[in-house]
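Novice: Contents are TSV, C-alpha atoms; file name start39.tsv:
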```tsv
chain	number	residue	atom	x	y	z
C	887	MET	CA	23.72	-3.03	-19.70
C	888	HIS	CA	22.02	-2.00	-16.47
C	889	ASP	CA	25.30	-1.62	-14.53
C	890	VAL	CA	24.16	1.74	-13.20
C	891	LEU	CA	21.11	0.09	-11.59
C	892	PHE	CA	23.41	-2.06	-9.46
C	893	GLN	CA	25.41	0.77	-7.96
C	894	PRO	CA	24.64	1.48	-4.29
C	895	LEU	CA	22.70	4.61	-3.38
C	896	LYS	CA	22.96	6.61	-0.16
C	897	MET	CA	19.76	8.37	0.90
C	898	GLY	CA	20.42	10.24	4.11
C	899	ALA	CA	21.16	7.49	6.65
C	900	LEU	CA	19.71	4.83	4.33
C	901	GLU	CA	22.01	2.83	2.06
C	902	ALA	CA	20.46	0.87	-0.81
C	903	LYS	CA	22.53	-1.95	-2.35
C	904	ASN	CA	21.04	-1.30	-5.79
C	905	ARG	CA	18.68	1.15	-7.48
C	906	ILE	CA	15.86	-1.25	-8.28
C	907	PHE	CA	13.33	-0.51	-5.55
C	908	MET	CA	10.07	-2.21	-4.68
C	909	ALA	CA	7.23	0.31	-4.85
C	910	PRO	CA	4.38	0.40	-2.30
C	911	LEU	CA	1.74	-2.17	-3.27
C	912	THR	CA	-1.57	-2.65	-1.46
C	913	ARG	CA	-2.11	-6.43	-1.34
C	914	GLY	CA	-4.88	-6.95	1.23
C	915	ARG	CA	-3.35	-9.89	3.13
C	916	ALA	CA	-3.59	-8.53	6.69
C	917	ALA	CA	-6.71	-10.50	7.55
C	918	ASP	CA	-7.74	-12.42	10.68
C	919	PRO	CA	-7.82	-10.17	12.58
C	920	MET	CA	-8.38	-7.20	10.30
C	921	PHE	CA	-5.47	-4.76	9.89
C	922	THR	CA	-2.87	-6.94	11.69
C	923	PRO	CA	0.16	-8.18	9.70
C	924	ASN	CA	0.82	-11.93	9.57
C	925	GLU	CA	3.32	-14.64	8.67
C	926	LEU	CA	2.18	-14.80	5.04
C	927	MET	CA	3.17	-11.15	4.63
C	928	GLY	CA	6.54	-11.95	6.15
C	929	THR	CA	7.18	-14.58	3.50
C	930	TYR	CA	6.17	-12.17	0.75
C	931	TYR	CA	8.51	-9.39	1.84
C	932	GLN	CA	11.43	-11.70	2.60
C	933	GLN	CA	11.14	-13.17	-0.92
C	934	ARG	CA	11.68	-9.65	-2.28
C	935	ALA	CA	14.55	-8.58	-0.02
C	936	GLY	CA	16.90	-8.37	-3.01
C	937	ALA	CA	15.36	-5.02	-3.93
C	938	GLY	CA	17.57	-2.03	-3.18
C	939	MET	CA	14.82	-0.77	-0.89
C	940	ILE	CA	11.40	-2.18	-0.09
C	941	LEU	CA	8.71	0.43	0.40
C	942	THR	CA	5.91	-1.36	2.21
C	943	GLU	CA	2.32	-1.41	1.17
C	944	ALA	CA	0.44	1.64	2.42
C	945	THR	CA	-0.10	1.14	6.15
C	946	GLY	CA	-2.88	2.83	8.10
C	947	ILE	CA	-1.95	5.26	10.87
C	948	SER	CA	-5.37	5.09	12.55
C	949	VAL	CA	-8.80	3.50	12.38
C	950	GLU	CA	-10.10	6.74	10.91
C	951	GLY	CA	-7.51	6.70	8.13
C	952	LEU	CA	-7.76	3.12	6.92
C	953	GLY	CA	-10.58	2.01	4.64
C	954	TRP	CA	-9.22	-0.87	2.60
C	955	PRO	CA	-10.24	-4.45	3.41
C	956	SER	CA	-7.41	-6.44	4.99
C	957	ALA	CA	-4.81	-3.68	4.61
C	958	PRO	CA	-2.37	-3.47	7.55
C	959	GLY	CA	-2.18	-0.83	10.25
C	960	ILE	CA	0.53	0.48	12.59
C	961	TRP	CA	-1.49	2.25	15.30
C	962	SER	CA	-1.76	-0.54	17.89
C	963	ASP	CA	0.71	-2.50	20.00
C	964	GLU	CA	-0.60	-5.72	18.42
C	965	GLN	CA	0.12	-4.45	14.91
C	966	THR	CA	3.55	-3.17	15.94
C	967	GLU	CA	4.51	-6.55	17.42
C	968	ALA	CA	3.23	-8.35	14.31
C	969	TRP	CA	5.44	-6.22	12.04
C	970	LYS	CA	8.62	-7.10	14.00
C	971	PRO	CA	9.21	-10.60	12.56
C	972	ILE	CA	8.42	-9.30	9.05
C	973	VAL	CA	11.09	-6.61	9.35
C	974	LYS	CA	13.56	-9.07	10.89
C	975	GLY	CA	12.99	-11.50	8.03
C	976	VAL	CA	13.86	-8.83	5.47
C	977	HIS	CA	16.92	-7.76	7.44
C	978	ASP	CA	18.08	-11.37	7.83
C	979	ALA	CA	17.85	-11.70	4.03
C	980	GLY	CA	20.02	-8.59	3.60
C	981	GLY	CA	17.20	-6.20	2.70
C	982	LEU	CA	16.28	-2.61	3.50
C	983	ILE	CA	12.64	-1.94	4.40
C	984	VAL	CA	10.84	1.39	4.86
C	985	MET	CA	7.23	1.71	6.01
C	986	GLN	CA	4.76	3.85	4.08
C	987	LEU	CA	2.41	5.77	6.41
C	988	TRP	CA	-1.13	6.18	5.05
C	989	HIS	CA	-4.30	8.13	5.80
C	990	MET	CA	-6.92	7.77	3.09
C	991	GLY	CA	-8.99	10.82	4.01
C	992	ARG	CA	-12.23	10.99	2.00
C	993	ILE	CA	-11.48	7.62	0.37
C	994	VAL	CA	-12.41	5.84	3.63
C	995	HIS	CA	-15.96	4.49	3.33
C	996	PRO	CA	-18.32	5.00	6.31
C	997	TYR	CA	-18.49	1.18	6.55
C	998	PHE	CA	-15.10	1.30	8.28
C	999	LEU	CA	-16.11	4.20	10.54
C	1000	GLY	CA	-19.28	2.84	12.13
C	1001	GLY	CA	-21.38	4.81	9.65
C	1002	LYS	CA	-19.68	8.16	10.29
C	1003	PRO	CA	-18.42	10.25	7.35
C	1004	PRO	CA	-14.72	10.30	6.51
C	1005	VAL	CA	-12.58	13.39	7.04
C	1006	SER	CA	-10.76	15.50	4.46
C	1007	ALA	CA	-9.36	18.95	3.79
C	1008	SER	CA	-12.85	20.04	2.69
C	1009	ALA	CA	-16.36	18.63	2.41
C	1010	THR	CA	-15.91	16.92	-0.95
C	1011	LYS	CA	-16.82	13.50	-2.33
C	1012	ALA	CA	-14.64	11.12	-4.33
C	1013	PRO	CA	-15.99	9.74	-7.59
C	1014	GLY	CA	-16.67	6.07	-8.01
C	1015	GLU	CA	-17.06	3.32	-5.45
C	1016	ALA	CA	-15.10	2.03	-2.47
C	1017	HIS	CA	-14.06	-1.56	-1.83
C	1018	THR	CA	-15.68	-2.85	1.37
C	1019	PRO	CA	-15.99	-6.38	2.82
C	1020	GLU	CA	-19.62	-6.25	1.65
C	1021	GLY	CA	-18.71	-5.32	-1.93
C	1022	LYS	CA	-18.39	-2.00	-3.74
C	1023	SER	CA	-20.27	1.02	-2.40
C	1024	GLU	CA	-20.44	4.69	-3.37
C	1025	TYR	CA	-18.14	7.05	-1.52
C	1026	ALA	CA	-19.60	9.49	1.01
C	1027	THR	CA	-19.14	13.26	1.29
C	1028	ALA	CA	-16.32	13.96	3.71
C	1029	ARG	CA	-16.47	16.17	6.77
C	1030	GLU	CA	-14.10	19.15	6.62
C	1031	MET	CA	-11.39	18.75	9.23
C	1032	THR	CA	-11.31	21.26	12.07
C	1033	LYS	CA	-8.03	22.51	13.52
C	1034	GLU	CA	-8.55	20.01	16.34
C	1035	ASP	CA	-8.98	17.23	13.77
C	1036	ILE	CA	-5.76	18.30	12.08
C	1037	ASP	CA	-3.81	18.34	15.35
C	1038	ARG	CA	-5.21	14.93	16.29
C	1039	THR	CA	-4.31	13.47	12.90
C	1040	ILE	CA	-0.76	14.81	13.09
C	1041	ALA	CA	-0.51	13.13	16.49
C	1042	ASP	CA	-1.70	9.90	14.85
C	1043	TYR	CA	1.10	10.18	12.28
C	1044	ARG	CA	3.61	10.72	15.08
C	1045	ARG	CA	2.39	7.65	16.97
C	1046	ALA	CA	2.50	5.55	13.81
C	1047	ALA	CA	6.07	6.73	13.14
C	1048	GLU	CA	7.03	5.80	16.69
C	1049	ASN	CA	5.49	2.36	16.27
C	1050	ALA	CA	7.31	1.83	12.97
C	1051	LYS	CA	10.55	2.62	14.78
C	1052	LYS	CA	9.69	0.13	17.54
C	1053	ALA	CA	9.00	-2.50	14.89
C	1054	GLY	CA	12.54	-2.10	13.56
C	1055	PHE	CA	11.95	-0.46	10.18
C	1056	ASP	CA	14.85	1.37	8.55
C	1057	GLY	CA	12.78	4.48	7.96
C	1058	VAL	CA	9.35	5.73	6.94
C	1059	GLN	CA	7.75	7.25	3.86
C	1060	LEU	CA	4.79	9.61	4.04
C	1061	HIS	CA	2.11	8.69	1.50
C	1062	GLY	CA	1.38	12.06	-0.11
C	1063	ALA	CA	0.08	10.71	-3.41
C	1064	ASN	CA	-2.83	9.10	-5.29
C	1065	GLY	CA	-5.66	11.27	-3.98
C	1066	TYR	CA	-5.34	10.34	-0.29
C	1067	LEU	CA	-5.39	12.76	2.65
C	1068	VAL	CA	-2.09	14.61	2.16
C	1069	ASP	CA	-2.84	14.91	-1.56
C	1070	GLN	CA	-6.36	16.15	-0.75
C	1071	PHE	CA	-4.80	19.02	1.19
C	1072	LEU	CA	-2.24	19.78	-1.53
C	1073	ARG	CA	-4.55	20.16	-4.52
C	1074	ASP	CA	-7.08	22.92	-5.08
C	1075	LYS	CA	-9.87	20.68	-6.40
C	1076	THR	CA	-10.19	19.02	-3.00
C	1077	ASN	CA	-8.82	21.77	-0.74
C	1078	LEU	CA	-11.42	24.56	-0.70
C	1079	ARG	CA	-10.39	25.96	2.68
C	1080	THR	CA	-10.03	29.64	3.42
C	1081	ASP	CA	-7.92	29.33	6.58
C	1082	GLU	CA	-4.14	28.90	6.87
C	1083	TYR	CA	-4.39	25.38	5.36
C	1084	GLY	CA	-6.06	26.55	2.12
C	1085	GLY	CA	-5.81	29.11	-0.64
C	1086	SER	CA	-2.27	29.61	-1.93
C	1087	PRO	CA	-0.04	26.67	-2.88
C	1088	GLU	CA	2.14	27.50	0.11
C	1089	ASN	CA	-0.83	27.32	2.48
C	1090	ARG	CA	-1.98	24.04	0.97
C	1091	THR	CA	1.42	22.50	1.76
C	1092	ARG	CA	1.06	23.38	5.46
C	1093	PHE	CA	-0.58	20.11	6.48
C	1094	MET	CA	2.10	18.09	4.65
C	1095	ARG	CA	4.82	20.15	6.33
C	1096	GLU	CA	3.39	19.72	9.81
C	1097	VAL	CA	3.00	15.97	9.35
C	1098	LEU	CA	6.57	15.68	8.07
C	1099	GLU	CA	7.89	17.74	10.96
C	1100	ALA	CA	6.19	15.39	13.44
C	1101	ILE	CA	7.63	12.32	11.70
C	1102	ILE	CA	11.08	13.90	11.46
C	1103	ASP	CA	10.94	14.60	15.19
C	1104	VAL	CA	10.69	10.84	15.71
C	1105	TRP	CA	13.07	9.57	13.02
C	1106	GLY	CA	15.30	12.41	11.89
C	1107	ALA	CA	15.03	13.74	8.34
C	1108	ASP	CA	17.73	11.36	7.12
C	1109	ARG	CA	15.34	8.38	7.48
C	1110	VAL	CA	12.16	10.02	6.19
C	1111	GLY	CA	10.90	10.13	2.60
C	1112	ILE	CA	7.67	11.04	0.82
C	1113	ARG	CA	5.70	9.89	-2.22
C	1114	LEU	CA	3.90	12.41	-4.45
C	1115	SER	CA	1.85	12.02	-7.64
C	1116	PRO	CA	2.06	15.41	-9.37
C	1117	ASN	CA	0.57	14.38	-12.69
C	1118	GLY	CA	-3.12	14.67	-13.36
C	1119	ASP	CA	-6.24	13.44	-11.63
C	1120	SER	CA	-5.93	10.85	-8.85
C	1121	GLN	CA	-9.23	9.48	-7.59
C	1122	GLY	CA	-10.91	12.81	-8.29
C	1123	THR	CA	-8.10	14.81	-6.68
C	1124	ASP	CA	-6.68	17.29	-9.17
C	1125	ASP	CA	-5.13	20.74	-9.37
C	1126	SER	CA	-5.50	23.76	-11.64
C	1127	ASN	CA	-1.77	24.58	-11.55
C	1128	PRO	CA	0.29	21.50	-10.68
C	1129	GLU	CA	3.59	23.23	-11.37
C	1130	ALA	CA	2.88	25.87	-8.71
C	1131	THR	CA	1.40	23.38	-6.24
C	1132	PHE	CA	4.07	20.72	-6.50
C	1133	GLY	CA	6.83	23.29	-6.83
C	1134	ALA	CA	5.75	24.65	-3.45
C	1135	ALA	CA	5.54	21.13	-2.00
C	1136	THR	CA	9.01	20.29	-3.29
C	1137	LYS	CA	10.45	23.44	-1.72
C	1138	VAL	CA	9.15	22.22	1.64
C	1139	ILE	CA	10.71	18.81	1.07
C	1140	GLU	CA	14.04	20.41	0.16
C	1141	GLU	CA	13.90	22.74	3.15
C	1142	LEU	CA	13.23	19.85	5.53
C	1143	GLY	CA	16.07	17.82	3.99
C	1144	LEU	CA	14.18	14.57	3.44
C	1145	ALA	CA	16.19	11.44	2.68
C	1146	PHE	CA	14.37	10.75	-0.59
C	1147	LEU	CA	11.43	11.77	-2.77
C	1148	GLU	CA	9.46	9.25	-4.83
C	1149	LEU	CA	7.26	10.43	-7.69
C	1150	ARG	CA	4.55	8.35	-9.28
C	1151	GLU	CA	4.45	9.31	-12.98
C	1152	PRO	CA	2.19	6.83	-14.78
C	1153	GLY	CA	1.18	6.83	-18.41
C	1154	PRO	CA	-2.30	7.41	-19.84
C	1155	ASP	CA	-3.66	4.18	-18.34
C	1156	GLY	CA	-2.70	4.92	-14.75
C	1157	THR	CA	-4.28	2.97	-11.90
C	1158	PHE	CA	-5.88	5.92	-10.10
C	1159	GLY	CA	-7.07	8.06	-12.99
C	1160	GLN	CA	-6.17	9.73	-16.27
C	1161	THR	CA	-2.55	10.80	-16.20
C	1162	ASP	CA	-1.56	11.68	-19.77
C	1163	VAL	CA	-0.36	15.14	-18.76
C	1164	PRO	CA	3.09	16.76	-18.79
C	1165	LYS	CA	5.40	15.28	-16.18
C	1166	GLN	CA	6.61	17.49	-13.37
C	1167	SER	CA	9.78	15.55	-12.53
C	1168	PRO	CA	12.18	17.86	-14.45
C	1169	MET	CA	10.89	20.87	-12.50
C	1170	ILE	CA	10.99	18.95	-9.24
C	1171	ARG	CA	14.51	17.69	-9.99
C	1172	ASN	CA	15.64	21.31	-10.21
C	1173	ILE	CA	14.25	22.11	-6.74
C	1174	TYR	CA	14.96	18.99	-4.71
C	1175	SER	CA	18.66	18.19	-4.36
C	1176	GLY	CA	18.26	14.78	-2.70
C	1177	PRO	CA	17.77	11.32	-4.21
C	1178	LEU	CA	14.80	11.18	-6.59
C	1179	ILE	CA	12.96	7.92	-7.25
C	1180	LEU	CA	10.60	7.60	-10.22
C	1181	ASN	CA	7.83	5.03	-10.49
C	1182	SER	CA	5.28	3.50	-12.83
C	1183	ASP	CA	5.27	1.48	-16.01
C	1184	TYR	CA	9.06	1.16	-16.33
C	1185	THR	CA	10.93	-1.47	-18.28
C	1186	ALA	CA	14.45	-2.42	-17.23
C	1187	ARG	CA	15.90	-0.53	-20.19
C	1188	GLU	CA	13.90	2.61	-19.43
C	1189	ALA	CA	15.02	2.48	-15.81
C	1190	ASP	CA	18.63	2.13	-16.87
C	1191	ASP	CA	18.28	5.06	-19.27
C	1192	ASP	CA	16.66	7.40	-16.74
C	1193	VAL	CA	19.19	6.65	-13.99
C	1194	SER	CA	22.09	6.84	-16.45
C	1195	ASN	CA	21.06	10.23	-17.81
C	1196	GLY	CA	20.42	11.71	-14.37
C	1197	LYS	CA	16.66	12.03	-14.64
C	1198	CYS	CA	16.41	10.11	-11.36
C	1199	ASP	CA	18.59	8.20	-8.92
C	1200	ALA	CA	16.51	5.01	-8.67
C	1201	VAL	CA	13.33	3.47	-10.05
C	1202	SER	CA	10.65	1.77	-7.98
C	1203	PHE	CA	8.87	-1.14	-9.66
C	1204	GLY	CA	5.34	-2.01	-8.59
C	1205	ARG	CA	3.45	-4.68	-10.49
C	1206	PRO	CA	6.62	-6.40	-11.79
C	1207	TYR	CA	7.54	-7.14	-8.16
C	1208	ILE	CA	4.18	-8.86	-7.63
C	1209	SER	CA	5.05	-11.69	-10.01
C	1210	ASN	CA	8.86	-11.53	-9.83
C	1211	PRO	CA	10.16	-11.91	-6.28
C	1212	ASP	CA	13.73	-11.78	-7.64
C	1213	LEU	CA	13.10	-8.96	-10.10
C	1214	GLU	CA	16.54	-7.41	-9.60
C	1215	LYS	CA	18.22	-10.74	-10.53
C	1216	ARG	CA	16.15	-10.95	-13.70
C	1217	VAL	CA	17.19	-7.42	-14.62
C	1218	ALA	CA	20.85	-8.25	-13.98
C	1219	VAL	CA	20.89	-11.13	-16.47
C	1220	GLY	CA	18.31	-9.78	-18.92
C	1221	ALA	CA	15.78	-12.53	-18.17
C	1222	ASP	CA	12.11	-12.25	-18.99
C	1223	PHE	CA	9.70	-11.12	-16.30
C	1224	ASN	CA	6.92	-13.40	-15.11
C	1225	PRO	CA	3.56	-11.96	-16.17
C	1226	ASN	CA	1.10	-11.01	-13.43
C	1227	LYS	CA	-1.91	-13.17	-12.72
C	1228	ASP	CA	-3.86	-10.14	-13.73
C	1229	VAL	CA	-7.03	-10.62	-11.71
C	1230	PRO	CA	-8.15	-8.73	-8.60
C	1231	LYS	CA	-8.48	-11.98	-6.67
C	1232	SER	CA	-4.75	-12.61	-6.80
C	1233	TRP	CA	-3.93	-8.98	-6.09
C	1234	TYR	CA	-6.14	-8.28	-3.11
C	1235	PHE	CA	-7.66	-11.42	-1.57
C	1236	PRO	CA	-6.03	-12.72	1.65
C	1237	ILE	CA	-4.72	-15.94	0.06
C	1238	PRO	CA	-1.22	-17.22	-0.84
C	1239	GLN	CA	-2.12	-17.71	-4.50
C	1240	GLY	CA	-0.84	-14.87	-6.65
C	1241	TYR	CA	1.13	-13.59	-3.65
C	1242	THR	CA	3.89	-15.91	-2.45
C	1243	ASP	CA	3.72	-18.65	-5.10
C	1244	TYR	CA	5.57	-16.95	-7.97
C	1245	PRO	CA	8.81	-18.77	-8.87
C	1246	THR	CA	12.26	-17.25	-8.83
C	1247	LEU	CA	14.45	-17.49	-11.92
C	1248	GLU	CA	16.41	-20.34	-10.31
C	1249	GLU	CA	13.22	-22.22	-9.53
C	1250	GLU	CA	12.04	-21.79	-13.12
C	1251	LYS	CA	15.31	-23.18	-14.44
C	1252	ALA	CA	15.18	-26.12	-12.03
C	1253	ALA	CA	11.62	-26.91	-13.07
C	1254	SER	CA	12.43	-26.79	-16.77
C	1255	ALA	CA	15.46	-29.05	-16.26
C	1256	ALA	CA	13.48	-31.64	-14.32
```
Now, as a test, write the supplied structure out as structure tokens.
Specialist:
Amino acid sequence: MHDVLFQPLKMGALEAKNRIFMAPLTRGRAADPMFTPNELMGTYYQQRAGAGMILTEATGISVEGLGWPSAPGIWSDEQTEAWKPIVKGVHDAGGLIVMQLWHMGRIVHPYFLGGKPPVSASATKAPGEAHTPEGKSEYATAREMTKEDIDRTIADYRRAAENAKKAGFDGVQLHGANGYLVDQFLRDKTNLRTDEYGGSPENRTRFMREVLEAIIDVWGADRVGIRLSPNGDSQGTDDSNPEATFGAATKVIEELGLAFLELREPGPDGTFGQTDVPKQSPMIRNIYSGPLILNSDYTAREADDDVSNGKCDAVSFGRPYISNPDLEKRVAVGADFNPNKDVPKSWYFPIPQGYTDYPTLEEEKAASAA
């Protein structure tokens, strides 16, 4: 069982040693100073280098785009230098690591912007409350981006892609999912524009296309991927016709020849909102001819089934990789997974507990034999 998950996978210029990938996971450890990676993060990623491909936690491309306490950035020289030993550690352990580039759009709280409103495709407001260092606080209404804002933000993505290359990453993934900026442009509930970036599904993909083109100019399409979440509401970002919207987005991705496409397809209890809607992956699979990665709520058996039957080419595991640094080894031998320490403190606080202290299978066996 699971033999198919341990076959290598070529994705453009990227070569994964197996098809059990580590999904992007915000962990909030880039503290002191804020937004700069650190040695603790290096330990965490190196522990998980057995994954076929590590997709890093979402990483901010600019001050304007990052509104999560202690999440890392990639816009400054200091951040770029701090990522270098992390990447080297993964490479030394035989791993493949790709950086996820992130702009949160309207999900950035004014706390992080000196009191100024966040930017988005249109002047809309996310439901719920933001996490800030001072506690939870209601989101603010975003300011609609001007053409100058759009051009500036695309330049920010380009600079972040350049910095990721300097840091030694194997490639980059554009975060186009979960109700963040790219997703806010894609979907008609949050994109109310009447210019060339709004209206038809094709127009609403324009921002995504232009960002991808800038990143491809730095990396080449064979080292660039994207993550989408085409199923239901994500943080108040939704669409009246997801098949048309994400069909148009997938056509752009196919046309640009991206190295891989990752889809987040959670069940009814999804992290970012209600998602018990028909899945778009079969339609997307028919449009995009490159490697397709599916994510969310998978067991090892389900992953094996979906790769074996051609539904996808790999599966990215999120929460299981929090508590199982050697997840792929556990899958290989059919071992049980460690349960998560299912409390926000262990997920998001800048401490080692619940981050780098989970035992490997070998360590568990040694402890039980002692």
Novice: Would you write out, as JSON lines, a table of all residues in segment 1039-1133 of chain C that have an atom no more than 8 Å from an atom of segment 929-951 of chain C, listing for each the closest atom pair and the distance in Å to one decimal, considering all atoms listed in the file and ordering rows by chain and rising residue number?
Specialist:
```
{"residue": "C:Asp1042", "atom": "CA", "partner": "C:Ile947", "partner_atom": "CA", "distance": 6.1}
{"residue": "C:Tyr1043", "atom": "CA", "partner": "C:Ile947", "partner_atom": "CA", "distance": 6.0}
{"residue": "C:Arg1045", "atom": "CA", "partner": "C:Ile947", "partner_atom": "CA", "distance": 7.9}
{"residue": "C:Ala1046", "atom": "CA", "partner": "C:Ile947", "partner_atom": "CA", "distance": 5.3}
{"residue": "C:Gln1059", "atom": "CA", "partner": "C:Leu941", "partner_atom": "CA", "distance": 7.7}
{"residue": "C:His1061", "atom": "CA", "partner": "C:Ala944", "partner_atom": "CA", "distance": 7.3}
```
Novice: For Ala1050 of chain C, which residue among C:Trp961, C:Trp988, C:Tyr1083, C:Tyr1066 is the nearest when counting only C-alpha atoms?
Specialist: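 Closest to Ala1050 of chain C of all the choices is C:Trp961.
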Novice: Record the distance separating atom CA of Gly981 of chain C and atom CA of Ser956 of chain C, expressed in Å with one decimal.
Specialist: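 Between these atoms lies a distance of 24.7 Å.
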Novice: Expressed in Å to a single decimal, how great is the separation between atom CA of Tyr1244 of chain C and atom CA of Asn1226 of chain C?
Specialist: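 Interatomic distance, atom CA of Tyr1244 of chain C to atom CA of Asn1226 of chain C: 9.2 Å.
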Novice: Step by step, gather every atom of segment 962-978 of chain C that the file lists, find the box along x, y and z that holds them, add 3 Å on each side, and finally give centre and edge lengths in Å to one decimal, as JSON.
Specialist:
```
{"center_x": 8.2, "center_y": -6.0, "center_z": 12.7, "size_x": 25.8, "size_y": 17.0, "size_z": 20.5}
```
Novice: Go through C:Lys1052, C:Arg1090, C:Lys1137, C:Arg1205 one by one, measure the shortest atom-to-atom distance of each to Ser962 of chain C using all atoms listed in the file, and give the residue with the smallest value.
Specialist: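 For Ser962 of chain C, the nearest of the candidates is C:Lys1052.
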Novice: Neighbours of Met1094 of chain C within 10 Å (only C-alpha atoms; same-chain residues fewer than 3 positions away dropped), as a PyMOL selection string?
Specialist: chain C and resi 1040+1060-1062+1067-1069+1071-1072+1083+1089-1091+1097-1099+1112+1135+1138-1139
Novice: Can you work out the spacing between atom CA of Leu1114 of chain C and atom CA of Ala1007 of chain C in Å, to one decimal?
Specialist: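 Between atom CA of Leu1114 of chain C and atom CA of Ala1007 of chain C the gap works out to 16.9 Å.
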Novice: Nearest to Pro1245 of chain C among C:Ala1100, C:Ala917, C:Ala1218, C:Ile1208, with distances taken over only C-alpha atoms: which residue is it?
Specialist: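 Checking each of C:Ala1100, C:Ala917, C:Ala1218, C:Ile1208 against Pro1245 of chain C, counting only C-alpha atoms, the winner is C:Ile1208.
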Novice: For a quick check of understanding, using all atoms listed in the file, which of C:Pro1238, C:Leu1213, C:Glu1030, C:Leu1144 has the smallest distance to Thr1080 of chain C?
Specialist: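 The closest residue to Thr1080 of chain C is C:Glu1030.
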Novice: For Pro1087 of chain C, which residue out of C:Glu1034, C:Asp1125, C:Asp978, C:Glu901 is the nearest one, using only C-alpha atoms?
Specialist: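 Counting only C-alpha atoms, the residue closest to Pro1087 of chain C is C:Asp1125.
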Novice: I'd like to know which of C:Thr912, C:Gln1121, C:Asn1077, C:Gln1166 is closest to Glu1015 of chain C, using all atoms listed in the file.
Specialist: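 The shortest atom-to-atom distance to Glu1015 of chain C comes from C:Gln1121.
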Novice: Gly1220 of chain C: which residues within 10 Å, counting all atoms listed in the file, same-chain residues fewer than 5 positions away excluded, as an mmCIF file with C-alpha atoms, in the coordinates of the input?
Specialist:
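As written to disk, part_9.cif reads:
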```cif
data_model
loop_
_atom_site.group_PDB
_atom_site.id
_atom_site.type_symbol
_atom_site.label_atom_id
_atom_site.label_comp_id
_atom_site.auth_asym_id
_atom_site.auth_seq_id
_atom_site.Cartn_x
_atom_site.Cartn_y
_atom_site.Cartn_z
ATOM 1 C CA MET C 887 23.720 -3.030 -19.700
ATOM 2 C CA HIS C 888 22.020 -2.000 -16.470
ATOM 3 C CA ALA C 1186 14.450 -2.420 -17.230
ATOM 4 C CA ARG C 1187 15.900 -0.530 -20.190
ATOM 5 C CA GLU C 1214 16.540 -7.410 -9.600
ATOM 6 C CA LYS C 1215 18.220 -10.740 -10.530
#
```
Novice: Could you pull out every residue with an atom within 9 Å of (21.2, 7.4, 2.4), file coordinates, counting only C-alpha atoms, and send them as a short mmCIF file (atom, residue, chain, number, x, y, z; two decimals) with C-alpha atoms, in the coordinates of the input?
Specialist:
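Here's the written file selection.cif:
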```
data_model
loop_
_atom_site.label_atom_id
_atom_site.label_comp_id
_atom_site.auth_asym_id
_atom_site.auth_seq_id
_atom_site.Cartn_x
_atom_site.Cartn_y
_atom_site.Cartn_z
CA LEU C 895 22.70 4.61 -3.38
CA LYS C 896 22.96 6.61 -0.16
CA MET C 897 19.76 8.37 0.90
CA GLY C 898 20.42 10.24 4.11
CA ALA C 899 21.16 7.49 6.65
CA LEU C 900 19.71 4.83 4.33
CA GLU C 901 22.01 2.83 2.06
CA ALA C 902 20.46 0.87 -0.81
CA ASP C 1108 17.73 11.36 7.12
CA ARG C 1109 15.34 8.38 7.48
CA ALA C 1145 16.19 11.44 2.68
CA PHE C 1146 14.37 10.75 -0.59
CA PRO C 1177 17.77 11.32 -4.21
#
```
